[in-house]
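Comments concern the structure below.
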Amino acid sequence: MAPTASPSERSIGERVGPHPSYIEIAKPYILQSRIQKCLSDLSMSDAKEDAVRLQGVTYIDQVRRALQLPVRTFNTAVIYYHKFRLLHADSEYNFADAAAAALFTACKIEDTLKKSREILAAHWNLKVGVGEQLSSDDPRFENHSKLIIGLERLMLESAGFDFRNRYPQKVMVKMARELHFDRNNAAKTAWNLIIDLYRTLAPLKQSTPTMAIACLELAARLHEMDVTKVIDAGPVRHKKWRTSRAEVMETILDLLDLYTHQRGSTFIGPLYSLETFINIRITLNQEASASDIPRYAVYDSDSTPKASPHPSNGLKARNGIDPTSPLTPASPNTISPGTVVQPPTSAIGIRGQNGTVRFMLDAKRAREERSEVERFWKVEEEEYEVEVPLETERDRNNDREKERDRDWDRRRVR
């Protein structure tokens with residue numbers, strides 16, 4: 001028996017029967033290597049990524065404060081905004097529309113319901129004077145609100161319909177109480193640090209305790225406190241919270257990168273001099289060199305051989321679409337900056353034109369289903385050897401004689 005190519009290796013035209021479907025696995029954590037690959041596939045420069053990220057998060061923070069939304073809605077909205085940007089090029093959308101759609105989606109998830117018109121009206125009123133403010137029922141928000149509602153589906157697809165969210169502020173407050181931080185000094189700084197942390201990509205990479213411990217340590221360093229109490233000791237022991245020194249240092253360095261290059265876009269940056277952040281960074285770099293701690297964590301699979309470039313019923317590059325695939329949506333070049341004619345095309349939606357896209361949270365279950373489905377898509381062929389006797393010259397002569405006899409008998413009957 002010789003099995004032929006699997007359905008993932010065969011072209012769509014050769015495939016027989018229904019498509020086995022694609023499975024999109026939710027990614028609660030995305031490490032730096034995957035983030036850089038997504039941004040590279042989108043051809044987004046570092047300067048452009050920083051600008052779009054900071055503008056979008058600032059939009060979300062200002063509007064949620066104007067609408068008096070809780071901080072958990074802010075956390076969820078920023079996570080959805082970051083994941084959306086990893087899948088769509090900046091030329092496909094306006095950052096303000098994406099930020100409004102992320103906040104609109106987060107309001108539903110966190111049960112702090114706000115209409116899309118209310119979000120747009122709140123942002124408008126922040127830019128104008130008291131006499132020019134508008135209500136959410138103003139007709140000028142009609143078309144724009146429909147665009148925000150259309151982006152909501154893309155936000156959910158980009159996040160893999162994963163509603164598991166993290167709220168590090170709650171854990172950080174409990175740790176600060178156990179460490180006896182002054183609520184008006186160090187604790188307040190730690191709170192603002194964890195808000196600024198969402199202006200980076202660290203929330204996509206780190207767990208809740210890691211972010212809380214990192215902000216407490218940086219707050220202690222900024223207030224020149226005894227840092228030995230917040231480095232793997234007491235209530236912030238790494239083993240207790242299932243984290244590591246490398247993860248905490250990566251989070252702190254992400255914050256220091258933000259304060260070094262974009263101080264004006266943060267809460268804590270303008271309160272301290274640039275030399276303060278640089279000195280803290282030098283101290284952490286020396287510790288990392290002495291302990292041989294890498295700057296970024298890596299996936300275990302980064303050192304293993306790459307899988308087939310055409311996987312089916314499983315993970316695909318660029319969150320579901322191969323960057324070199326003809327199904328990858330092209331970035332529109334005719335749209336001027338700041339103008340959105342229609343919602344951007346979803347890579348997951350493009351892939352769904354050739355088969356059903358299903359979203360799963362359990363990666364193990366998805367792998368088991370993939371292996372089970374592949375068995376039914378393998379076409380097996382069997383080869384048999386049959387001996388066929390060769391016809392001899394004598395047999396042919398006998399056949400001719402019999403045929404002549406039958407002809408003679410037919411003539412006699414007539």
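Quick note on naming: the chains in the structure tokens go A, B, ... in the order shown, residues restart at 1 in each chain, and ligands are numbered from 1 in order of appearance.
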Env of Ala99 in chain A: 7 Å cut, atoms = only C-alpha atoms, seq-sep filter 4 positions within chain, self excluded. Answer as a list of chain:residue names.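 Residues meeting the cut-off are A:Gly56, A:Tyr59, A:Ile60, A:Tyr81, A:Phe95, A:Leu103.
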Tell me which protein, DNA and RNA residues are within 9 Å of range 231-234 of chain A, counting only C-alpha atoms, leaving out same-chain ones fewer than 3 positions away, and put them as JSON, numbers by chain. {"A": [178, 179, 213, 217, 227, 228, 237, 238, 239, 244, 245]}
Env of Pro139 in chain A: 12 Å cut, atoms = only C-alpha atoms, seq-sep filter 6 positions within chain, self excluded. Answer as a JSON list (two decimals) with N, CA and C atoms, in the first residue's frame.
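Once written, part.json looks like this:
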[["chain", "number", "residue", "atom", "x", "y", "z"],
["A", 117, "ARG", "N", -21.98, 54.81, 19.59],
["A", 117, "ARG", "CA", -22.20, 56.25, 19.49],
["A", 117, "ARG", "C", -21.69, 56.99, 20.73],
["A", 120, "LEU", "N", -17.88, 57.32, 20.46],
["A", 120, "LEU", "CA", -17.49, 58.34, 19.49],
["A", 120, "LEU", "C", -17.81, 59.74, 20.00],
["A", 121, "ALA", "N", -18.94, 59.89, 20.66],
["A", 121, "ALA", "CA", -19.30, 61.20, 21.20],
["A", 121, "ALA", "C", -18.35, 61.62, 22.32],
["A", 145, "SER", "N", -20.49, 54.97, 13.48],
["A", 145, "SER", "CA", -20.84, 53.93, 14.45],
["A", 145, "SER", "C", -21.02, 52.58, 13.76]]
When DSSP works through the backbone of this structure, what residues of range 126-232 of chain A end up as alpha helix (DSSP H), shown as a ChimeraX atom specification? /A:126-127,142-158,168-178,186-197,202-205,208-222
